[in-house]
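Colleague: Let me begin by handing over the structure; questions about it come next.
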Amino acid sequence: MANVTVIGAQWGDEGKGKIVDWLASRADCVVRFQGGHNAGHTLVVGDTTYKISLVPSGIVTGTLSIIGNGVVLDPWALKAELEKLAGQGVTVDRSNFAVADNCPLILPFHRDLDALRETAAGKGKIGTTGRGIGPAYEDKVGRRAIRVCDLAHLDDLDAQLDRLCAHHDALRAGFGEPPIDRAKLIEDLRGIADFVLQFAEPVWKRLRDVRKAGKRILFEGAQGVLLDVDHGTYPFVTSSNTVSGTVASGTGMGPNAAGFVLGIVKAYTTRVGSGPFPSELEDETGELLGKRGHEFGTVTARKRRCGWFDAVLVRQTCALSGVTGIALTKIDVLDGFETIKICTGYRLNGEIIDYLPAHAADQAAVEPVYEEMDGWEGTTVGARSWADLPAQAIKYIRRIEELIECPVASVSTSPERDDTILVRDPFEG
Ligand code: GDP
Ligand code: IMO
Ligand code: MG
């Protein structure tokens, strides 16, 4: 099986974009299968930095890039992103880009509702990206969504709009907002329809053919397993399933398409938005990690919360996603620390536990149990082989492998595409 599935094994921003870009040149096709433009993936290639939210990161290498049906698609965000990429010299056309015709759309009132709810929640807010992701997924499972294929039938949308508006107008009234302006919505959709439709197709068919031809598919996950709507730190999660299993439902391929599951893991831990974070450091060390790691969100520019590596969480997410091997990223950010801690268990109500419990109050109450290791002298920045790493850094990596019960397939040592140590090629299984 030559396919590879990349997923985030923490709370997102693990460096998935860099790894997908690095692998993309050896793939025939890169596919997004969940999430939307809440993702923010930064790729550094030579002097150029690409910030990508919706389109698969493989687009930068010109690899066939596909948005699967599991993604919620904001048509205006798509246009803006493709225009930005064109400005950076990345050509996107029907030969290298396709969108599933059954993708649900994110519409302007989804974004409004996202913001209204967050504002109303005050301190209890989730800290969403404000992109309308949650409300769009609600409409999908509520069987009210407008989908990409509907853009070709805008004159026949009345009954669908009745259902959709009845639902949203009631919600909007509760927030003191006027009803949806249906005429404007249709006009706006008319303005964008052709742009989206030029890329629309039944992508499951294209993927079936790619597979039949024995080609390699790279599935690009967004967010991370701890933000999964079932398995994450609920309710402080996103509204999609971020685990590897979503490859099947989010693309129209069977579960055996996933291939090698590569979990992307940061050498420490970060999180954007609210919710429990057992190993969070609200002190100078946390500040230092954030500063050295440039931990600011790609999408919202929010400061990311930082903490030590939490092996309990990553062991759990690797199990939840059937991770075959991990790509450890940002090891270079730990250069220069005299000592480094790893969370190996939690204390809850006087007992030691080895997993994150499901209940939100328990998740907030667990206290990390740490082991401490010496840091290393010298630098890991830009290392491209084990021989370039200080011995103590290798010891840290080996200890992580042991604790999470999963082997390291690669180590990333800077934002730059080629500053990566390959241990085991995921495409070779
Ligand atoms: P993603 O959402 O998982 O794709 O990750 P983001 O792109 O949001 O955040 C990861 C950040 O770390 C980006 O700015 C990357 O350029 C950067 N990055 C990725 N790998 C490394 C690495 O090994 N070392 C350092 N210092 N930065 C990295
Ligand atoms: P990438 O792909 C980090 C977080 C938000 C918030 C929660 C819900 O770059 O790793 P949403 O807008 O999805 O309803 O917000 O999920 N979140 C992310 N955090 N990286 C991401 O994507 C994220 N996408 C959403 O901060 O806590
Ligand atoms: Mg990101």
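By order of appearance in the structure tokens: chains A, B, ..., then residues from 1 within every chain, and ligands from 1 in the order shown.
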Excluding Gly134 in chain A and residues on its chain fewer than 6 positions from it, collect all residues at most 10 Å away from it, counting only C-alpha atoms, and give them as a PyMOL selection string.
Modeller: chain A and resi 35+72+106+110-111+113-114+128+140+237-240
Colleague: Can you list, as a PyMOL selection string, all residues belonging to range 67-144 of chain A that DSSP tags as helix (DSSP H, G or I)?
Modeller: chain A and resi 75-87+108-124+133-141
Colleague: Residues within 7 Å of ligand 1, counting only C-alpha atoms and all ligand atoms: report them as a ChimeraX atom specification.
Modeller: /A:8,12-18,39-44,222-223,293-294,297-298,329-333,412-415
Colleague: Closest to Glu138 in chain A among A:Phe296, A:Leu164, A:Gly68, A:Glu81, using only C-alpha atoms?
Modeller: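 Counting only C-alpha atoms, the residue closest to Glu138 in chain A is A:Leu164.
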Colleague: Show me, as number ranges by chain, the residues that have an atom within 10 Å of Ala152 in chain A when counting only C-alpha atoms, minus same-chain residues fewer than 4 positions from it.
Modeller: A: 147-148, 156, 190, 193-194, 196-197
Colleague: Could you write those residues out with N, CA, C and O atoms, as an mmCIF file, in the first residue's frame?
Modeller:
data_model
loop_
_atom_site.group_PDB
_atom_site.id
_atom_site.type_symbol
_atom_site.label_atom_id
_atom_site.label_comp_id
_atom_site.auth_asym_id
_atom_site.auth_seq_id
_atom_site.Cartn_x
_atom_site.Cartn_y
_atom_site.Cartn_z
ATOM 1 N N ARG A 147 -24.860 22.684 -1.268
ATOM 2 C CA ARG A 147 -23.597 22.036 -1.615
ATOM 3 C C ARG A 147 -23.065 22.566 -2.942
ATOM 4 O O ARG A 147 -23.775 23.251 -3.675
ATOM 5 N N VAL A 148 -21.837 22.188 -3.230
ATOM 6 C CA VAL A 148 -21.205 22.660 -4.461
ATOM 7 C C VAL A 148 -22.097 22.373 -5.678
ATOM 8 O O VAL A 148 -22.316 23.246 -6.523
ATOM 9 N N ASP A 156 -33.391 26.607 -8.784
ATOM 10 C CA ASP A 156 -34.265 25.586 -8.170
ATOM 11 C C ASP A 156 -34.012 25.442 -6.678
ATOM 12 O O ASP A 156 -34.198 24.373 -6.112
ATOM 13 N N ARG A 190 -24.622 33.495 -7.266
ATOM 14 C CA ARG A 190 -24.509 33.607 -8.729
ATOM 15 C C ARG A 190 -23.147 34.168 -9.124
ATOM 16 O O ARG A 190 -22.550 33.765 -10.121
ATOM 17 N N ALA A 193 -20.589 31.154 -8.447
ATOM 18 C CA ALA A 193 -20.905 29.776 -8.869
ATOM 19 C C ALA A 193 -19.947 29.253 -9.947
ATOM 20 O O ALA A 193 -19.369 28.168 -9.801
ATOM 21 N N ASP A 194 -19.775 30.016 -11.014
ATOM 22 C CA ASP A 194 -18.964 29.502 -12.130
ATOM 23 C C ASP A 194 -17.520 29.253 -11.711
ATOM 24 O O ASP A 194 -16.877 28.310 -12.170
ATOM 25 N N VAL A 196 -16.411 28.258 -8.829
ATOM 26 C CA VAL A 196 -16.291 26.981 -8.105
ATOM 27 C C VAL A 196 -16.592 25.803 -9.036
ATOM 28 O O VAL A 196 -15.882 24.792 -9.022
ATOM 29 N N LEU A 197 -17.631 25.985 -9.853
ATOM 30 C CA LEU A 197 -18.072 24.867 -10.693
ATOM 31 C C LEU A 197 -17.005 24.408 -11.688
ATOM 32 O O LEU A 197 -16.976 23.243 -12.081
#
Colleague: As a list of chain:residue names, please: every residue in range 55-278 of chain A that a backbone DSSP assignment puts in strand (DSSP E).
Modeller: A:Leu64, A:Ser65, A:Ile66, A:Ile67, A:Phe97, A:Ala98, A:Val99, A:Ala100, A:Ala200, A:Glu201, A:Ile217, A:Leu218, A:Phe219, A:Glu220, A:Phe260, A:Val261, A:Leu262, A:Gly263, A:Ile264, A:Val265, A:Lys266, A:Thr269, A:Thr270, A:Arg271
Colleague: For the selection you just gave me, I'd like the residues written to a file as a short mmCIF file (atom, residue, chain, number, x, y, z; two decimals), in the first residue's frame, keeping C-alpha atoms.
Modeller:
data_model
loop_
_atom_site.label_atom_id
_atom_site.label_comp_id
_atom_site.auth_asym_id
_atom_site.auth_seq_id
_atom_site.Cartn_x
_atom_site.Cartn_y
_atom_site.Cartn_z
CA LEU A 64 -2.85 17.05 -8.34
CA SER A 65 -4.74 18.50 -5.36
CA ILE A 66 -8.25 17.49 -4.42
CA ILE A 67 -10.76 18.80 -1.89
CA PHE A 97 -7.12 20.92 -8.83
CA ALA A 98 -10.59 19.49 -8.19
CA VAL A 99 -13.36 19.98 -5.64
CA ALA A 100 -15.93 17.37 -4.66
CA ALA A 200 -16.34 20.60 -9.37
CA GLU A 201 -16.58 16.90 -10.13
CA ILE A 217 -2.27 9.27 -2.78
CA LEU A 218 -1.34 11.55 0.11
CA PHE A 219 -4.22 12.43 2.42
CA GLU A 220 -3.74 15.72 4.24
CA PHE A 260 0.71 4.50 6.23
CA VAL A 261 -0.70 6.82 8.90
CA LEU A 262 1.88 9.48 9.67
CA GLY A 263 1.09 11.33 12.89
CA ILE A 264 2.64 14.79 12.99
CA VAL A 265 3.90 15.53 16.49
CA LYS A 266 5.51 18.69 17.79
CA THR A 269 2.83 21.01 22.99
CA THR A 270 0.76 23.98 21.81
CA ARG A 271 -2.91 24.83 21.61
#
Colleague: Can you pull out the residues contacting Gln160 in chain A? Cut-off 12 Å, using only C-alpha atoms, and skip same-chain residues under 4 positions away; I want them as a list in words.
Modeller: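 Contacts, in chain order: Asp139, Arg143, Arg144, Ala145, Ile146, Arg147, Asp150, His153, Leu154, Asp155, Asp156, Leu164, Cys165, Ala166, His167 and Arg182 of chain A.
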Colleague: Name the residues in contact with Ala393 in chain A at a cut-off of 7 Å, using only C-alpha atoms, excluding same-chain residues fewer than 4 positions from it; report them as a ChimeraX atom specification.
Modeller: /A:376,389,397
Colleague: Kindly indicate which residue among A:Cys306, A:Leu85, A:Cys103, A:Val299 lies nearest to ligand 3, using only C-alpha atoms and all ligand atoms for the distances.
Modeller: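 Counting only C-alpha atoms and all ligand atoms, the residue closest to ligand 3 is A:Val299.
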Colleague: In Å, with one decimal, what is the gap from CA of Ala301 in chain A to atom 5 (C, counted along the ligand's line) of ligand 2?
Modeller: 11.6 Å
Colleague: Measuring atom to atom with only C-alpha atoms, identify which of A:Val31, A:Cys318, A:Ile353, A:Val229 is nearest to Ile404 in chain A.
Modeller: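 The shortest atom-to-atom distance to Ile404 in chain A comes from A:Cys318.
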Colleague: Using CA of Arg424 in chain A and CA of Asp21 in chain A as the two end points, give the distance in Å to one decimal.
Modeller: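 Those two atoms sit 17.0 Å apart.
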Colleague: Kindly indicate which residue among A:Glu401, A:Glu351, A:Asp228, A:Glu284 lies nearest to ligand 2, using only C-alpha atoms and all ligand atoms for the distances.
Modeller: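 Among the listed residues, A:Asp228 lies closest to ligand 2.
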Colleague: From the options A:Val225, A:Ala258, A:Val60, A:Leu171, which residue's atoms come nearest to Arg117 in chain A, counting only C-alpha atoms?
Modeller: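 Between A:Val225, A:Ala258, A:Val60, A:Leu171, the residue approaching Arg117 in chain A most closely is A:Leu171.
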